4 protein chains.
Amino acid sequence: MTITPPALSVFETLESEVRSYCRGWPAVFDRAQGARLTDEDGHSYLDFFAGAGSLNYGHNNPVLKRALIDYIERDGITHGLDMATTAKRAFLETFQNAILRPRDLPYKVMFPGPTGTNAVEAALKLARKVKGRESVVSFTNAFHGMSLGSLAVTGNAFKRAGAGIPLVHGTPMPFDNYFDGTVPDFLWFERLLEDQGSGLNKPAAVIVETVQGEGGINVARAEWLRALKELCERQDMLLIVDDIQMGCGRTGGFFSFEEAGIVPDIVTLSKSISGYGLPMALCLFKPELDIWEPGEHNGTFRGNNPAFVTAAAALQAYWADGQMEKQTLARGEQVEQTLLAICAEEPTAQFRGRGLVWGMEFEDPARASAVCARAFELGLLLETSGPQSEVVKLLPPLTITPEELDEGLRTLARSVRETA
Amino acid sequence: MTITPPALSVFETLESEVRSYCRGWPAVFDRAQGARLTDEDGHSYLDFFAGAGSLNYGHNNPVLKRALIDYIERDGITHGLDMATTAKRAFLETFQNAILRPRDLPYKVMFPGPTGTNAVEAALKLARKVKGRESVVSFTNAFHGMSLGSLAVTGNAFKRAGAGIPLVHGTPMPFDNYFDGTVPDFLWFERLLEDQGSGLNKPAAVIVETVQGEGGINVARAEWLRALKELCERQDMLLIVDDIQMGCGRTGGFFSFEEAGIVPDIVTLSKSISGYGLPMALCLFKPELDIWEPGEHNGTFRGNNPAFVTAAAALQAYWADGQMEKQTLARGEQVEQTLLAICAEEPTAQFRGRGLVWGMEFEDPARASAVCARAFELGLLLETSGPQSEVVKLLPPLTITPEELDEGLRTLARSVRETA
Amino acid sequence: MTITPPALSVFETLESEVRSYCRGWPAVFDRAQGARLTDEDGHSYLDFFAGAGSLNYGHNNPVLKRALIDYIERDGITHGLDMATTAKRAFLETFQNAILRPRDLPYKVMFPGPTGTNAVEAALKLARKVKGRESVVSFTNAFHGMSLGSLAVTGNAFKRAGAGIPLVHGTPMPFDNYFDGTVPDFLWFERLLEDQGSGLNKPAAVIVETVQGEGGINVARAEWLRALKELCERQDMLLIVDDIQMGCGRTGGFFSFEEAGIVPDIVTLSKSISGYGLPMALCLFKPELDIWEPGEHNGTFRGNNPAFVTAAAALQAYWADGQMEKQTLARGEQVEQTLLAICAEEPTAQFRGRGLVWGMEFEDPARASAVCARAFELGLLLETSGPQSEVVKLLPPLTITPEELDEGLRTLARSVRETA
Amino acid sequence: MTITPPALSVFETLESEVRSYCRGWPAVFDRAQGARLTDEDGHSYLDFFAGAGSLNYGHNNPVLKRALIDYIERDGITHGLDMATTAKRAFLETFQNAILRPRDLPYKVMFPGPTGTNAVEAALKLARKVKGRESVVSFTNAFHGMSLGSLAVTGNAFKRAGAGIPLVHGTPMPFDNYFDGTVPDFLWFERLLEDQGSGLNKPAAVIVETVQGEGGINVARAEWLRALKELCERQDMLLIVDDIQMGCGRTGGFFSFEEAGIVPDIVTLSKSISGYGLPMALCLFKPELDIWEPGEHNGTFRGNNPAFVTAAAALQAYWADGQMEKQTLARGEQVEQTLLAICAEEPTAQFRGRGLVWGMEFEDPARASAVCARAFELGLLLETSGPQSEVVKLLPPLTITPEELDEGLRTLARSVRETA
């Protein structure tokens, strides 16, 4: 495939230098369907990024699209603040019936502003309010968002530096396997908590991703998560699972923590919760934590009703039974087998993942970028992650067909070979 | 109109206690068109709140609706991160041609996360980065958002208390007319800046709303805004105008600061920028401030392309000429005349406003809530604002007809009378 | 008097660049008695600085000296932590009998580390602990010390910049007469406190100097102090009077706030409390505030027993009756008359003061330094103060004779004339 | 020995509840000489606490006493701010000749306020100023002082809670042997520094005690200190050794870091630097770090000249040759042998130490307090340390005779036995 230089002028002259993805993918995209995007010149791209995890059901999923257009056509409420609407009620009932009840999860549901960082800000506020302490523990290479509350518990030094103020009230602890299994889990964290002379400000909460997507596809083991939950209980800290990228089925189950059998105190959801890539976010918490005053946290777009419509449709279409989970795990095995083969050929790479989120780490960080660049030339959208962008991240839609998956994986293999 | 108690159960049992508007407006809304909403029982409500300023062109505006459905139908990109898309290019070109060029505004355009608070977080980060200082000055009764960066420059004590950490790096200064004209403008602020012993941390920037919507419809005079801009220049501080609620034509001109003839260094827009109530936000700044590194601030939903489509359609439909501004000012006069008459009858009330944002302040704060409650019973959506919720806030769609406006104002007058 | 360049080498080669007074007074001092110092070359200097207010009873006051040598000779406890000692008991009893009881002051006495800033740190900690709030209000041009807690409530921008971290949890308010009487007292402060939307973090306490020594000899009126005390009571804030420089008789009465008839909640004392220039500090507070846990604030040198000995001797010698106060006020009148005459001749200067602390402010800040430099050449130690070092500060020992005072004032007058 | 209840009334009625040592040692002390104190009833106490390390040369050391009285008698400058004085010059020259030159240490000398915490505040300010970063790393169970800057790098949770504000800009790392040798030194710290995604704010400096006195007599190995110094160099962080308690010969050499052969960037000294228990402190740093502006950090009592006199006398008397160091190490061996014997009998205790600082840790924290209480009844002053006060701390004067040392150790052994 040959790509002619696209007409990027207004992006270059008018849009801020802060833009990023468009630099690595120099095309002007026009349409998308399922796992494929098409640019304005008619070139087609297979999508192994899925809106950074926001498009688990693919681009413009036809089931959701129908529901969305119907809703707009009939002049359903679009912007609803936190007014009661029929669309919101339908979503709440569906979420209760399809997700919470079958999993025996007792959560109350909060609609913060419709972005992940807003859900995290709400979770942190609530945890601090409940416990009356400022400090929160996060993990190495965590990513929780870009507003100041979320950024303070995010690991990346470059992102943190953008704050323009010292980021405080957060302390990082080693994520699972940070020392390759040579140090007992939570040795440092637990000792600091137990030692009255340690100097650690007692945390209100711990915030964790079960798989660190931005941090380099670092997968926490189920037993590590269980031990973390137990530590939180013993030490009177709330456990917040940020399931923004890994929730909504990305790792198999609807929530990524299901496999570990834990019930976090607070859960944040966003990205794929609307199913259609529309802005929406939820903050879930145990009922006894619901000590909010009315309006104590709010946001203008917390009632993005078209997103509620597609969200309810997605839950009904994909989560009424266990089919989705099974399919994701099967697709995951397909990815794993291929990565095993690629890494057998390429000794400077190793891979890891779970469900349909996988990462290939290269010894030379520049190689990961080179692989993604070559993949783009070959019509595959791939991104890097990790503190040095040393990991190629595989995040295809969950609804991708085995054939599409195979096509993308072959392109990946070729990109790895051709950048050797 | 008689209203039967709606079936609110799932909202009461599953949704968090943090919900607020649905408490004052106990109905389940189903559809909306222009300035009217309809609940599931078929009752109709005239909307004088307009999504807290997000629905300047009314609910489900047919022009925008057409463009939106067409886009969805043809599988245009929905979720686009910050990839270049045809929809984004169309928006950028339209924004440049319809808004920036005619006003000779040199701004670069940044797409932060699609909510107001995210735009404010981006603006504050950039100002701190440019100036290398942490401190930002805000004004009494300011409202800039609920994430920690924005909340630190927000005045409301109740909202601030929700942070759970001390909010620092911000200092409040008196907004225009805070002392009813008895103290020269900026006397305190300027003296603190000039006195090397004052103890004020030198601010990177000043953030201001031209009309404080949440703070009680406090209207800054044009000369006060001009003097503020001059003070910022003299003292090497950036001026950020938060035009999230007052921009997009609410006060007449597209930007609320046009009337004062100033060019702020940074401008935030959200709420009505998409035109259709879809989440979208912009941060505008002078080109010399565009020192962002790629990806230094980002957000998953910053490329909400359906919103770009309706935004471009709205700019084309309403801002190609000066018609919108004239109409808004005419409608504003209609409001002003009525409020003059109401306050002539009701000596404990006074009013203020500009364009199509008006407030009626009552000596007894409880009265304002009573007026809104009675208005709701009479089929009119009205909200309070101000530190003690003592101000009834009028924020009708700009596209409201004179007849609808008159109907709503008559309901307001009746509500005032009947709560005396 | 001719001064030969002193041998400063080790000060220049070994001592840090942070040294300051020795730069303006290039002599190596050897001995001192009363209001006079002698350098190693035998030159004599009249002291109008008195150790920045630490030598109210003059250098090496013979009454105190006797007691001190006796104590050392008999091997009294020198370093006592907070052990009970006979010297400490004697001091406490004397302080109670000579100072607290006659003034009907109910204070408990705390011995923090033996420096002013340590007393302020203790006062701020206690106020925050009692009220459960972080924020403290200070005043423009306040000076409370150089450790981080005290520095955060200090006004001087140069000193603040030395912190190396953003100084937060403090907000400055205008000191008395900051706007030359054109703005009602506490207009801004009170409005911020009453307005729930002001954005001011509710303060735990207000810290104030009755006369700002470092800030430029700014004298608060008694009625302003009374109104401040009332405001604190109304708004549930503690009033801390930092009497480190103005206490121990500097303004006439033992405490500088006596004239205003107020009883602060917390008082800090240091500088002249030992009487002999030895490090010592006290923190006094109302008994109901004494919620400290044992050892919650401490310091190695809080039991500097030789200082307790001279402190008790000073109280006995000078505060058994009202003689000291009368004498100070009389000497103050002598100063005032002379300053009146000097300023009559020098229209660019004005003066202000109380008791034996006076300041002459010059329109041209460089003039104040020139006056001090010339005075030094003429054998008089004088320092500047104020945010731009624009004020010549007069702080002679309280025990100075009328003749010495006259001599110094004549040298001052000459220095003013000769720098015109 | 029988002790009659002393007359403590004024301490109980007038002094604040914050007092602590006087609670464990209910006597009113009157005189002291060498290693012995006498209370007002004539009872004698052997001192194994030495003013928390401030009396390394014993109480009222006759050599220093003579110099001190001579100085006072001849009216030497007592209070000198940072003026050049003959006493200060003599101290600086002696410090250079006896301490810095023989050790080839290039330090500049700064006189902060005369307390340890003030020296630490100065060190932290300077490090932040030099590196332009806010963050400082300290160690578990560190103690650096009670003012807010120092307290933020102190470990003890009880002391930290007294701050009344969140203590930020500091991060604790594990001190040597925190995991009993099971984890490689600096594994966690180094990894956080190297990982750009770790979330650690890059530190300006690391502050460390070579032996943690308050923290429980935790002794850092020389190789650990060397590795720390290397880590600091590799990672562009300054190394601050807080030698306030362990300097001035406590561990053998004048500086406690000499044994490790490292040259810290910044060193703080206080406690025994004056030799006589008089308040004095120093901050030493490499000349290239001396970027202070004149007066950027200061303090009223930084020129406590009587302390300079005794300090110079102490250096001349004890540090002209290596005798003091040899004697301290010999006395240390005497202590070690006895502790070995005691712990052989008492299996729930273990001991550790260096030079003349030793600790006995008991499995049951209450036992340590019981031992100290019994020792007091038997005429020996002993204190606990450690996060749970579980360590009996031995800190006798360095000038103690072998016989006195033996006497005290026998009392200790008896106290251990009698509290079993």
# chains A, B, ... in the order shown; residues from 1 in each chain; ligands from 1
$ interface_residues --of "chain B" --to "chain C" --cutoff "8 Å" --atoms "only C-alpha atoms" --output "JSON, numbers by chain"
{"B": [134, 139, 140, 141, 142, 153, 154, 155, 156, 157, 158, 160, 166, 167, 168, 169, 171, 172, 183, 192, 195, 196, 197, 198, 199, 200, 201, 215, 386, 387, 388]}
$ write_last_selection --atoms "N, CA and C atoms" --output "mmCIF file, in the first residue's frame"
data_model
loop_
_atom_site.group_PDB
_atom_site.id
_atom_site.type_symbol
_atom_site.label_atom_id
_atom_site.label_comp_id
_atom_site.auth_asym_id
_atom_site.auth_seq_id
_atom_site.Cartn_x
_atom_site.Cartn_y
_atom_site.Cartn_z
ATOM 1 N N GLU B 134 3.658 28.632 40.268
ATOM 2 C CA GLU B 134 2.538 27.752 40.643
ATOM 3 C C GLU B 134 1.221 28.491 40.846
ATOM 4 N N PHE B 139 -11.304 34.629 41.329
ATOM 5 C CA PHE B 139 -12.120 35.664 41.946
ATOM 6 C C PHE B 139 -13.173 35.076 42.878
ATOM 7 N N THR B 140 -13.588 35.893 43.795
ATOM 8 C CA THR B 140 -14.669 35.510 44.700
ATOM 9 C C THR B 140 -15.851 34.995 43.877
ATOM 10 N N ASN B 141 -16.414 33.902 44.347
ATOM 11 C CA ASN B 141 -17.582 33.287 43.717
ATOM 12 C C ASN B 141 -17.342 32.753 42.305
ATOM 13 N N ALA B 142 -16.086 32.511 41.982
ATOM 14 C CA ALA B 142 -15.763 31.876 40.709
ATOM 15 C C ALA B 142 -16.186 30.412 40.730
ATOM 16 N N VAL B 153 -9.379 26.801 42.168
ATOM 17 C CA VAL B 153 -9.662 28.191 41.808
ATOM 18 C C VAL B 153 -11.160 28.477 41.796
ATOM 19 N N THR B 154 -11.920 27.611 42.407
ATOM 20 C CA THR B 154 -13.366 27.768 42.534
ATOM 21 C C THR B 154 -13.686 28.264 43.940
ATOM 22 N N GLY B 155 -14.691 29.137 44.062
ATOM 23 C CA GLY B 155 -14.928 29.782 45.352
ATOM 24 C C GLY B 155 -15.790 29.019 46.340
ATOM 25 N N ASN B 156 -16.759 28.291 45.863
ATOM 26 C CA ASN B 156 -17.784 27.711 46.730
ATOM 27 C C ASN B 156 -17.220 26.786 47.810
ATOM 28 N N ALA B 157 -17.469 27.144 49.069
ATOM 29 C CA ALA B 157 -16.881 26.420 50.205
ATOM 30 C C ALA B 157 -17.356 24.973 50.265
ATOM 31 N N PHE B 158 -18.595 24.739 49.930
ATOM 32 C CA PHE B 158 -19.143 23.381 49.961
ATOM 33 C C PHE B 158 -18.450 22.500 48.924
ATOM 34 N N ARG B 160 -15.522 23.065 47.571
ATOM 35 C CA ARG B 160 -14.111 22.957 47.933
ATOM 36 C C ARG B 160 -13.901 21.888 49.001
ATOM 37 N N PRO B 166 -6.234 19.876 51.251
ATOM 38 C CA PRO B 166 -6.234 21.348 51.233
ATOM 39 C C PRO B 166 -6.019 21.850 49.808
ATOM 40 N N LEU B 167 -6.836 22.787 49.390
ATOM 41 C CA LEU B 167 -6.708 23.339 48.040
ATOM 42 C C LEU B 167 -5.790 24.544 48.098
ATOM 43 N N VAL B 168 -4.665 24.442 47.422
ATOM 44 C CA VAL B 168 -3.662 25.495 47.528
ATOM 45 C C VAL B 168 -3.253 25.989 46.134
ATOM 46 N N HIS B 169 -2.311 26.879 46.071
ATOM 47 C CA HIS B 169 -1.785 27.471 44.827
ATOM 48 C C HIS B 169 -2.781 28.420 44.162
ATOM 49 N N THR B 171 -5.344 31.989 44.948
ATOM 50 C CA THR B 171 -5.706 33.052 45.881
ATOM 51 C C THR B 171 -6.885 33.810 45.301
ATOM 52 N N PRO B 172 -7.956 34.005 46.087
ATOM 53 C CA PRO B 172 -9.098 34.744 45.558
ATOM 54 C C PRO B 172 -8.896 36.257 45.678
ATOM 55 N N VAL B 183 -14.932 50.587 46.760
ATOM 56 C CA VAL B 183 -13.478 50.421 46.777
ATOM 57 C C VAL B 183 -12.980 50.448 45.328
ATOM 58 N N LEU B 192 -0.948 44.269 46.369
ATOM 59 C CA LEU B 192 -0.250 43.026 46.737
ATOM 60 C C LEU B 192 0.840 42.699 45.723
ATOM 61 N N ASP B 195 3.799 45.309 46.122
ATOM 62 C CA ASP B 195 4.496 45.302 47.412
ATOM 63 C C ASP B 195 5.315 44.020 47.540
ATOM 64 N N GLN B 196 6.620 44.161 47.545
ATOM 65 C CA GLN B 196 7.494 42.988 47.633
ATOM 66 C C GLN B 196 7.395 42.296 48.996
ATOM 67 N N GLY B 197 6.677 42.910 49.918
ATOM 68 C CA GLY B 197 6.527 42.322 51.243
ATOM 69 C C GLY B 197 5.114 41.836 51.505
ATOM 70 N N SER B 198 4.318 41.740 50.449
ATOM 71 C CA SER B 198 2.894 41.464 50.664
ATOM 72 C C SER B 198 2.616 40.037 51.079
ATOM 73 N N GLY B 199 3.493 39.109 50.693
ATOM 74 C CA GLY B 199 3.220 37.710 51.008
ATOM 75 C C GLY B 199 2.432 36.998 49.937
ATOM 76 N N LEU B 200 2.030 37.697 48.879
ATOM 77 C CA LEU B 200 1.337 37.025 47.771
ATOM 78 C C LEU B 200 2.361 36.303 46.913
ATOM 79 N N ASN B 201 2.173 35.011 46.713
ATOM 80 C CA ASN B 201 3.004 34.301 45.744
ATOM 81 C C ASN B 201 2.681 34.852 44.362
ATOM 82 N N GLY B 215 -21.815 31.593 40.317
ATOM 83 C CA GLY B 215 -21.562 32.462 41.470
ATOM 84 C C GLY B 215 -22.674 33.439 41.763
ATOM 85 N N GLY B 386 -25.498 31.199 43.065
ATOM 86 C CA GLY B 386 -25.010 32.069 44.147
ATOM 87 C C GLY B 386 -24.593 31.258 45.348
ATOM 88 N N PRO B 387 -23.739 31.837 46.204
ATOM 89 C CA PRO B 387 -23.171 31.096 47.345
ATOM 90 C C PRO B 387 -24.231 30.567 48.300
ATOM 91 N N GLN B 388 -25.380 31.220 48.364
ATOM 92 C CA GLN B 388 -26.446 30.731 49.240
ATOM 93 C C GLN B 388 -27.671 30.324 48.424
#
$ select_by_dssp --residues "range 189-375 of chain C" --states "strand (DSSP E or B)" --output "number ranges by chain"
C: 205-208, 211-212, 218-219, 238-242, 266-269, 282-285, 304, 349-354, 357-362
$ write_last_selection --atoms "N, CA, C and O atoms" --output "compact mmCIF listing (two decimals), in the first residue's frame"
# COMPACT_ATOMS: atom_id res chain seq x y z
N ALA C 205 -6.43 30.28 62.41
CA ALA C 205 -5.91 31.36 63.25
C ALA C 205 -5.46 32.53 62.40
O ALA C 205 -5.27 32.42 61.18
N VAL C 206 -5.29 33.65 63.10
CA VAL C 206 -4.70 34.86 62.52
C VAL C 206 -3.43 35.14 63.32
O VAL C 206 -3.46 35.08 64.55
N ILE C 207 -2.33 35.41 62.65
CA ILE C 207 -1.10 35.74 63.35
C ILE C 207 -0.72 37.18 63.01
O ILE C 207 -0.76 37.58 61.84
N VAL C 208 -0.41 37.95 64.04
CA VAL C 208 -0.19 39.38 63.83
C VAL C 208 0.92 39.90 64.73
O VAL C 208 1.12 39.41 65.85
N VAL C 211 3.37 45.80 66.08
CA VAL C 211 4.19 46.71 65.27
C VAL C 211 5.06 45.81 64.41
O VAL C 211 5.73 44.93 64.92
N GLN C 212 5.01 46.01 63.11
CA GLN C 212 5.82 45.17 62.21
C GLN C 212 7.23 45.73 62.16
O GLN C 212 7.47 46.75 61.51
N ASN C 218 5.57 49.29 60.94
CA ASN C 218 4.17 49.61 60.72
C ASN C 218 3.43 49.38 62.04
O ASN C 218 3.45 48.28 62.57
N VAL C 219 2.80 50.42 62.53
CA VAL C 219 2.19 50.38 63.86
C VAL C 219 0.70 50.15 63.74
O VAL C 219 -0.01 50.96 63.11
N LEU C 238 -8.44 31.57 66.09
CA LEU C 238 -7.57 31.95 67.20
C LEU C 238 -6.74 33.16 66.80
O LEU C 238 -6.33 33.30 65.66
N LEU C 239 -6.48 34.03 67.78
CA LEU C 239 -5.60 35.17 67.53
C LEU C 239 -4.24 34.90 68.15
O LEU C 239 -4.12 34.73 69.36
N ILE C 240 -3.22 34.86 67.30
CA ILE C 240 -1.84 34.69 67.76
C ILE C 240 -1.15 36.04 67.64
O ILE C 240 -1.07 36.61 66.55
N VAL C 241 -0.66 36.58 68.77
CA VAL C 241 0.18 37.77 68.68
C VAL C 241 1.63 37.33 68.76
O VAL C 241 2.06 36.70 69.73
N ASP C 242 2.36 37.62 67.69
CA ASP C 242 3.79 37.34 67.67
C ASP C 242 4.48 38.55 68.31
O ASP C 242 4.65 39.58 67.67
N ILE C 266 -2.99 33.04 71.80
CA ILE C 266 -1.62 32.51 71.82
C ILE C 266 -0.66 33.68 71.67
O ILE C 266 -0.95 34.62 70.91
N VAL C 267 0.44 33.63 72.39
CA VAL C 267 1.46 34.69 72.30
C VAL C 267 2.82 34.03 72.17
O VAL C 267 3.12 33.05 72.86
N THR C 268 3.64 34.55 71.27
CA THR C 268 5.02 34.07 71.17
C THR C 268 5.96 35.14 71.69
O THR C 268 5.78 36.33 71.44
N LEU C 269 6.96 34.69 72.45
CA LEU C 269 8.00 35.59 72.98
C LEU C 269 9.36 34.98 72.69
O LEU C 269 9.53 33.76 72.74
N LEU C 282 9.38 31.47 74.31
CA LEU C 282 8.19 30.97 75.01
C LEU C 282 7.00 30.99 74.05
O LEU C 282 6.91 31.84 73.17
N CYS C 283 6.11 30.08 74.30
CA CYS C 283 4.82 30.13 73.63
C CYS C 283 3.77 30.08 74.74
O CYS C 283 3.76 29.15 75.55
N LEU C 284 2.94 31.10 74.81
CA LEU C 284 1.92 31.20 75.86
C LEU C 284 0.55 30.96 75.23
O LEU C 284 0.31 31.39 74.10
N PHE C 285 -0.32 30.30 75.96
CA PHE C 285 -1.67 30.12 75.41
C PHE C 285 -2.68 29.91 76.52
O PHE C 285 -2.33 29.53 77.65
N ASN C 304 17.33 25.89 78.03
CA ASN C 304 18.59 26.64 78.11
C ASN C 304 18.62 27.38 79.44
O ASN C 304 18.30 28.56 79.55
N ALA C 349 11.10 62.42 53.92
CA ALA C 349 11.06 61.41 54.98
C ALA C 349 9.81 61.57 55.83
O ALA C 349 9.28 62.67 55.98
N GLN C 350 9.34 60.47 56.35
CA GLN C 350 8.29 60.52 57.37
C GLN C 350 8.62 59.47 58.43
O GLN C 350 9.41 58.57 58.18
N PHE C 351 8.02 59.64 59.60
CA PHE C 351 8.39 58.72 60.67
C PHE C 351 7.15 58.17 61.36
O PHE C 351 6.05 58.70 61.24
N ARG C 352 7.37 57.08 62.07
CA ARG C 352 6.29 56.47 62.84
C ARG C 352 6.90 55.56 63.89
O ARG C 352 8.07 55.15 63.77
N GLY C 353 6.14 55.24 64.90
CA GLY C 353 6.67 54.38 65.93
C GLY C 353 5.83 54.40 67.18
O GLY C 353 4.73 54.97 67.21
N ARG C 354 6.35 53.73 68.20
CA ARG C 354 5.62 53.56 69.46
C ARG C 354 6.65 53.11 70.47
O ARG C 354 7.55 52.32 70.14
N VAL C 357 10.43 51.89 69.56
CA VAL C 357 10.67 51.37 68.22
C VAL C 357 10.14 52.41 67.22
O VAL C 357 8.96 52.74 67.23
N TRP C 358 11.04 52.90 66.41
CA TRP C 358 10.67 53.98 65.48
C TRP C 358 11.28 53.73 64.12
O TRP C 358 12.31 53.06 63.99
N GLY C 359 10.61 54.27 63.12
CA GLY C 359 11.11 54.12 61.76
C GLY C 359 11.03 55.43 61.01
O GLY C 359 10.10 56.22 61.21
N MET C 360 12.03 55.66 60.19
CA MET C 360 12.01 56.84 59.29
C MET C 360 11.99 56.30 57.87
O MET C 360 12.94 55.66 57.43
N GLU C 361 10.92 56.59 57.15
CA GLU C 361 10.81 56.10 55.78
C GLU C 361 11.21 57.18 54.80
O GLU C 361 10.77 58.32 54.91
N PHE C 362 12.03 56.78 53.84
CA PHE C 362 12.47 57.73 52.82
C PHE C 362 11.82 57.39 51.49
O PHE C 362 11.64 56.21 51.15
$ residues_around --residues "range 68-79 of chain C" --least-positions-apart "6" --cutoff "10 Å" --atoms "only C-alpha atoms" --output "mmCIF file with C-alpha atoms, in the first residue's frame"
data_model
loop_
_atom_site.group_PDB
_atom_site.id
_atom_site.type_symbol
_atom_site.label_atom_id
_atom_site.label_comp_id
_atom_site.auth_asym_id
_atom_site.auth_seq_id
_atom_site.Cartn_x
_atom_site.Cartn_y
_atom_site.Cartn_z
ATOM 1 C CA PRO C 62 25.530 44.011 84.962
ATOM 2 C CA THR C 85 15.279 22.384 87.347
ATOM 3 C CA THR C 86 15.530 24.922 90.096
ATOM 4 C CA ALA C 87 16.413 27.596 87.531
ATOM 5 C CA LYS C 88 13.369 26.794 85.452
ATOM 6 C CA TYR C 276 20.939 38.943 78.140
ATOM 7 C CA THR C 300 16.997 19.937 72.256
ATOM 8 C CA PHE C 301 17.734 23.415 73.590
ATOM 9 C CA ARG C 302 14.300 24.225 74.996
ATOM 10 C CA GLY C 303 15.830 24.054 78.487
ATOM 11 C CA ASN C 304 18.591 26.642 78.110
ATOM 12 C CA ASN C 305 18.888 27.172 81.864
ATOM 13 C CA PRO C 306 21.415 30.036 81.863
ATOM 14 C CA ALA C 307 18.811 31.958 79.904
ATOM 15 C CA PHE C 308 16.182 31.129 82.524
ATOM 16 C CA VAL C 309 18.504 32.619 85.138
ATOM 17 C CA THR C 310 19.007 35.900 83.310
ATOM 18 C CA ALA C 311 15.330 35.978 82.342
ATOM 19 C CA ALA C 313 16.788 38.317 86.988
ATOM 20 C CA PHE D 29 17.671 19.115 89.160
ATOM 21 C CA ASP D 30 19.933 21.780 90.515
ATOM 22 C CA ARG D 31 23.566 21.242 89.671
ATOM 23 C CA ALA D 32 25.698 19.070 87.407
ATOM 24 C CA GLN D 33 29.319 18.221 86.829
ATOM 25 C CA LEU D 37 23.567 15.638 88.106
ATOM 26 C CA THR D 38 22.328 16.528 91.567
ATOM 27 C CA ASP D 39 18.743 17.340 92.419
ATOM 28 C CA ALA D 50 23.898 13.628 78.040
ATOM 29 C CA GLY D 51 21.314 16.138 76.952
ATOM 30 C CA ALA D 52 20.236 13.909 74.077
ATOM 31 C CA SER D 54 24.404 17.754 73.588
ATOM 32 C CA LEU D 55 26.824 17.115 76.437
ATOM 33 C CA HIS D 59 28.051 18.832 82.215
ATOM 34 C CA ASN D 60 29.769 22.114 82.905
ATOM 35 C CA ASN D 61 33.112 20.895 81.665
ATOM 36 C CA PRO D 62 35.715 22.860 83.675
ATOM 37 C CA LYS D 65 33.568 26.769 81.931
ATOM 38 C CA ARG D 66 36.721 28.765 82.545
ATOM 39 C CA LEU D 68 33.019 30.941 79.240
ATOM 40 C CA ILE D 69 33.267 32.803 82.527
ATOM 41 C CA ASP D 70 36.305 34.710 81.341
ATOM 42 C CA ILE D 72 31.400 36.897 80.203
ATOM 43 C CA GLU D 73 33.515 38.639 82.807
ATOM 44 C CA LYS D 271 23.875 19.617 70.005
ATOM 45 C CA TYR D 276 28.806 23.215 76.914
ATOM 46 C CA GLY D 277 25.184 22.537 76.076
ATOM 47 C CA LEU D 278 24.663 26.067 74.788
ATOM 48 C CA PRO D 279 22.447 26.517 71.723
#
$ residues_around --residues "Glu325 in chain A" --least-positions-apart "5" --cutoff "10 Å" --atoms "only C-alpha atoms" --output "NGL selection string"
:A and (249-254 or 318-319 or 330-331 or 355 or 398)
$ select_by_dssp --residues "range 287-407 of chain B" --states "helix (DSSP H, G or I)" --output "PyMOL selection string"
chain B and resi 287-289+305-318+323-345+365-377+402-407
$ decode --residues "range 21-29 of chain B" --atoms "C-alpha atoms" --output "tab-separated table (two decimals), in the first residue's frame"
chain	number	residue	atom	x	y	z
B	21	TYR	CA	-31.00	18.31	39.79
B	22	CYS	CA	-33.32	15.33	39.77
B	23	ARG	CA	-34.25	16.17	43.33
B	24	GLY	CA	-35.59	19.60	42.45
B	25	TRP	CA	-37.24	18.43	39.26
B	26	PRO	CA	-38.98	15.19	40.23
B	27	ALA	CA	-39.89	14.00	36.76
B	28	VAL	CA	-38.50	11.45	34.35
B	29	PHE	CA	-37.77	13.30	31.14
